[in-house]
Amino acid sequence: MSTPAPRMSLVRKGGDDVQRPIVREDTVWSVLRTEAGSVLAREPALATLMLTAVLGREDFESATAFRVASRIAGRDLREPVLADAFMGALAADPGIGAAMRADILAVIERDPAADRLIEPFLYFKGFHAIQAHRFAHWFWTQGRTDLALYAQSQSSRMFQTDIHPAARIGRGIFLDHATGLVVGATSVIEDDVSILQNVTLGGTGKDTGDRHPKIRRGVLIGAGAKILGNIEVGAGSLVAAGSVVLREVPPDTTVAGVPAKPVGPAGTSGEPSRDMNQILSDFAYGAFDYVI
């Protein structure tokens with residue numbers, strides 16, 4: 001029985017009309033395979049990659065496990081062994097696979113540079129870094145701390161992200177560019193959060209215990225922002241680029257500056273992480289000063 005072609009929708013991204021698939025969770029794999037087949041036909045030089053990463057795999061979850069393993073494996077732990085450990089995590093916790101699917105759809109929804117699923121799946125280190133963390137976190141919760149730390153250190157080396165295996169991260173996470181991201185051990189990132197490059201979710205010193213930020217659902221964190229301490233960034237809020245956040249952020253609020261303070265609402269949609277609009281209003285720009 002042949003697989004029906006994915007539905008397409010004309011949408012606007014970055015001011016241009018482009019065709020992108022409407023992808024439902026149960027069609028992610030068929031769309032990805034169709035895209036891999038198209039790449040194979042257009043670019044024979046990538047035949048090995050298309051066959052080993054996508055067309056030779058059974059499903060989206062196993063393909064993702066092997067793709068991430070291929071990127072972070074090293075001489076100390078070869079790809080087949082690491083991929084087997086990842087597959088064990090997927091078998092034990094189906095929620096990992098569901099989160100992967102939400103993450104790749106988040107990229108397509110929010111990134112104007114991505115028109116096909118195969119782009120984040122094969123090439124985007126933000127997507128790979130968050131999946132590497134999902135496996136590392138599962139190892140951590142199972143008491144396999146050394147394997148968790150190995151995965152973390154290799155992910156940090158390859159993707160320039162340092163996410164502690166203990167950090168709790170929800171679904172539908174979009175790491176745009178990802179370079180320079182630091183997430184401390186007791187951090188919490190809820191569902192549908194978008195984070196740009198050079199962001200730190202850190203502590204304020206040598207405190208122990210619960211000491212890192214709690215990022216609630218739908219938050220957008222701009223490039224270079226630093227959020228420090230066991231503080232909450234409320235749901236639907238926007239942290240402007242370059243801000244240093246040292247106090248609680250109310251829900252649906254934009255904060256900006258050094259130190260950051262509220263400068264206005266986070267927008268009208270209630271979902272800044274989906275809108276990805278990082279331009280402050282004229283009112284907001286006039287509401288704060290940077291303190292050096």
# chains A, B, ... in the order shown; residues from 1 in each chain; ligands from 1
>>> residues_around(residues="region 142-144 of chain A", least_positions_apart="6", cutoff="12 Å", atoms="only C-alpha atoms", output="PyMOL selection string")
chain A and resi 85+88-89+92-93+135-136+150-151+165-166
>>> write_last_selection(atoms="C-alpha atoms", output="tab-separated table (two decimals), in the first residue's frame")
chain	number	residue	atom	x	y	z
A	85	ALA	CA	21.95	2.86	24.73
A	88	GLY	CA	17.10	1.41	25.26
A	89	ALA	CA	16.03	4.81	26.57
A	92	ALA	CA	11.78	2.45	28.30
A	93	ASP	CA	10.27	5.92	27.92
A	135	PHE	CA	18.99	10.85	26.32
A	136	ALA	CA	21.50	12.16	28.87
A	150	TYR	CA	29.71	11.42	28.76
A	151	ALA	CA	26.79	12.32	26.50
A	165	PRO	CA	21.93	16.13	32.44
A	166	ALA	CA	19.83	16.84	35.53
>>> residues_around(residues="Phe139 (chain A)", least_positions_apart="6", cutoff="8 Å", atoms="only C-alpha atoms", output="PyMOL selection string")
chain A and resi 89+145+147-148
>>> closest_atom_pairs(of="region 125-161 of chain A", to="region 70-83 of chain A", cutoff="7 Å", atoms="only C-alpha atoms", output="JSON lines")
{"residue": "A:Gln154", "atom": "CA", "partner": "A:Ile72", "partner_atom": "CA", "distance": 5.4}
{"residue": "A:Ser155", "atom": "CA", "partner": "A:Ile72", "partner_atom": "CA", "distance": 5.9}
{"residue": "A:Met158", "atom": "CA", "partner": "A:Ile72", "partner_atom": "CA", "distance": 6.6}
>>> closest_residue(among="A:Ser237, A:Thr204, A:Gln197, A:Gln131", to="Ala225 (chain A)", atoms="only C-alpha atoms")
A:Gln197
>>> select_by_dssp(residues="region 4-132 of chain A", states="alpha helix (DSSP H)", output="PyMOL selection string")
chain A and resi 28-42+47-50+60-72+79-92+94-110+118-123+125-132
>>> write_last_selection(atoms="C-alpha atoms", output="mmCIF file, in the first residue's frame")
data_model
loop_
_atom_site.group_PDB
_atom_site.id
_atom_site.type_symbol
_atom_site.label_atom_id
_atom_site.label_comp_id
_atom_site.auth_asym_id
_atom_site.auth_seq_id
_atom_site.Cartn_x
_atom_site.Cartn_y
_atom_site.Cartn_z
ATOM 1 C CA VAL A 28 6.526 13.075 10.418
ATOM 2 C CA TRP A 29 8.325 9.925 9.369
ATOM 3 C CA SER A 30 6.708 9.629 5.940
ATOM 4 C CA VAL A 31 7.440 13.289 5.182
ATOM 5 C CA LEU A 32 11.047 12.900 6.312
ATOM 6 C CA ARG A 33 11.515 9.818 4.120
ATOM 7 C CA THR A 34 10.002 11.610 1.133
ATOM 8 C CA GLU A 35 12.388 14.508 1.632
ATOM 9 C CA ALA A 36 15.371 12.154 1.975
ATOM 10 C CA GLY A 37 14.387 10.452 -1.268
ATOM 11 C CA SER A 38 14.263 13.802 -3.018
ATOM 12 C CA VAL A 39 17.727 14.705 -1.712
ATOM 13 C CA LEU A 40 19.061 11.346 -2.872
ATOM 14 C CA ALA A 41 17.704 11.945 -6.374
ATOM 15 C CA ARG A 42 19.132 15.469 -6.575
ATOM 16 C CA ALA A 47 23.589 8.843 -0.886
ATOM 17 C CA THR A 48 25.351 7.251 2.078
ATOM 18 C CA LEU A 49 24.025 9.883 4.463
ATOM 19 C CA MET A 50 20.445 9.593 3.203
ATOM 20 C CA PHE A 60 11.609 8.535 13.292
ATOM 21 C CA GLU A 61 12.659 7.692 16.834
ATOM 22 C CA SER A 62 15.351 5.180 15.887
ATOM 23 C CA ALA A 63 16.569 7.415 13.065
ATOM 24 C CA THR A 64 16.967 10.309 15.498
ATOM 25 C CA ALA A 65 18.773 8.113 18.003
ATOM 26 C CA PHE A 66 21.273 6.964 15.383
ATOM 27 C CA ARG A 67 21.721 10.452 13.945
ATOM 28 C CA VAL A 68 22.512 11.969 17.343
ATOM 29 C CA ALA A 69 24.777 9.041 18.218
ATOM 30 C CA SER A 70 26.685 9.506 14.970
ATOM 31 C CA ARG A 71 27.341 13.135 15.859
ATOM 32 C CA ILE A 72 28.485 12.752 19.470
ATOM 33 C CA GLU A 79 28.391 4.975 17.546
ATOM 34 C CA PRO A 80 26.748 1.497 17.636
ATOM 35 C CA VAL A 81 27.181 1.197 21.410
ATOM 36 C CA LEU A 82 25.902 4.701 22.074
ATOM 37 C CA ALA A 83 22.982 4.263 19.664
ATOM 38 C CA ASP A 84 22.046 1.024 21.398
ATOM 39 C CA ALA A 85 21.953 2.857 24.730
ATOM 40 C CA PHE A 86 19.744 5.522 23.164
ATOM 41 C CA MET A 87 17.409 2.873 21.777
ATOM 42 C CA GLY A 88 17.105 1.412 25.264
ATOM 43 C CA ALA A 89 16.030 4.808 26.573
ATOM 44 C CA LEU A 90 13.401 5.127 23.833
ATOM 45 C CA ALA A 91 12.011 1.666 24.601
ATOM 46 C CA ALA A 92 11.777 2.453 28.301
ATOM 47 C CA PRO A 94 8.091 6.590 24.838
ATOM 48 C CA GLY A 95 7.771 10.178 26.015
ATOM 49 C CA ILE A 96 11.273 10.824 24.674
ATOM 50 C CA GLY A 97 10.114 10.089 21.141
ATOM 51 C CA ALA A 98 7.020 12.247 21.538
ATOM 52 C CA ALA A 99 9.201 15.128 22.722
ATOM 53 C CA MET A 100 11.517 14.679 19.723
ATOM 54 C CA ARG A 101 8.583 15.025 17.361
ATOM 55 C CA ALA A 102 7.365 18.168 19.109
ATOM 56 C CA ASP A 103 10.870 19.630 18.914
ATOM 57 C CA ILE A 104 11.315 19.097 15.173
ATOM 58 C CA LEU A 105 7.880 20.550 14.471
ATOM 59 C CA ALA A 106 8.815 23.566 16.603
ATOM 60 C CA VAL A 107 11.791 24.215 14.323
ATOM 61 C CA ILE A 108 9.609 24.124 11.210
ATOM 62 C CA GLU A 109 7.045 26.397 12.838
ATOM 63 C CA ARG A 110 9.431 29.004 14.218
ATOM 64 C CA ILE A 118 15.244 17.006 6.890
ATOM 65 C CA GLU A 119 17.118 20.232 7.550
ATOM 66 C CA PRO A 120 16.915 20.218 11.367
ATOM 67 C CA PHE A 121 16.986 16.413 11.414
ATOM 68 C CA LEU A 122 20.339 16.186 9.613
ATOM 69 C CA TYR A 123 22.061 19.508 10.101
ATOM 70 C CA LYS A 125 22.866 21.486 16.047
ATOM 71 C CA GLY A 126 20.150 23.068 18.185
ATOM 72 C CA PHE A 127 17.841 20.150 17.419
ATOM 73 C CA HIS A 128 20.657 17.646 17.946
ATOM 74 C CA ALA A 129 21.741 19.229 21.226
ATOM 75 C CA ILE A 130 18.273 19.016 22.762
ATOM 76 C CA GLN A 131 17.904 15.373 21.707
ATOM 77 C CA ALA A 132 21.323 14.521 23.137
#
>>> residues_around(residues="Gln160 (chain A)", least_positions_apart="5", cutoff="8 Å", atoms="only C-alpha atoms", output="ChimeraX atom specification")
/A:155,178-181
>>> write_last_selection(atoms="C-alpha atoms", output="JSON list (two decimals), in the first residue's frame")
[["chain", "number", "residue", "atom", "x", "y", "z"],
["A", 155, "SER", "CA", 27.35, 17.23, 23.08],
["A", 178, "ALA", "CA", 22.31, 27.09, 20.11],
["A", 179, "THR", "CA", 25.98, 28.13, 20.30],
["A", 180, "GLY", "CA", 26.99, 29.17, 23.79],
["A", 181, "LEU", "CA", 23.89, 27.90, 25.61]]
>>> residues_around(residues="Gly203 (chain A)", least_positions_apart="2", cutoff="8 Å", atoms="only C-alpha atoms", output="number ranges by chain")
A: 184, 201, 205-207, 211-213, 228-230
>>> atom_distance(atom1="CA of Gly270 (chain A)", atom2="CA of Asp192 (chain A)")
11.9 Å
>>> closest_residue(among="A:Pro251, A:Gly202, A:Asn277, A:Ala240", to="Ile227 (chain A)", atoms="only C-alpha atoms")
A:Gly202
>>> select_by_dssp(residues="region 64-290 of chain A", states="strand (DSSP E)", output="compact mmCIF listing (two decimals) with C-alpha atoms, in the first residue's frame")
# COMPACT_ATOMS: atom_id res chain seq x y z
CA THR A 161 26.04 23.79 24.32
CA ASP A 162 26.43 22.85 27.99
CA ILE A 163 23.16 21.48 29.34
CA ARG A 168 14.37 19.20 33.25
CA ILE A 169 13.22 20.22 29.80
CA PHE A 174 13.50 25.44 19.84
CA LEU A 175 17.20 26.24 20.25
CA LEU A 181 23.89 27.90 25.61
CA VAL A 182 24.48 27.03 29.29
CA VAL A 183 21.77 25.38 31.40
CA VAL A 188 13.49 23.80 34.49
CA ILE A 189 12.38 24.66 30.97
CA SER A 194 12.38 29.24 22.32
CA ILE A 195 15.97 30.14 23.20
CA THR A 200 22.83 31.31 30.31
CA LEU A 201 20.44 29.78 32.84
CA GLY A 202 22.85 29.84 35.74
CA LYS A 214 12.54 28.06 36.10
CA ILE A 215 11.40 29.00 32.59
CA LEU A 220 11.15 33.52 24.37
CA ILE A 221 14.73 34.23 25.54
CA LYS A 226 21.60 35.79 31.29
CA ILE A 227 19.05 34.55 33.82
CA LEU A 228 20.65 33.88 37.18
CA GLU A 232 10.87 32.16 37.76
CA VAL A 233 10.31 33.57 34.29
CA LEU A 238 9.91 37.71 26.65
CA VAL A 239 13.48 38.26 27.84
CA VAL A 244 20.62 40.16 32.76
CA VAL A 245 17.67 38.86 34.76
CA THR A 253 5.80 40.47 30.42
CA THR A 254 8.77 41.79 28.44
CA VAL A 255 11.90 42.46 30.48
CA ALA A 256 15.01 44.18 29.17
CA GLY A 257 18.17 45.84 30.39
CA ALA A 260 16.49 43.62 33.52
CA LYS A 261 13.21 45.24 34.46
CA PRO A 262 9.68 45.09 33.01
CA VAL A 263 9.28 47.35 29.97
CA GLY A 264 5.83 46.31 28.76
CA PRO A 265 3.67 43.34 27.78
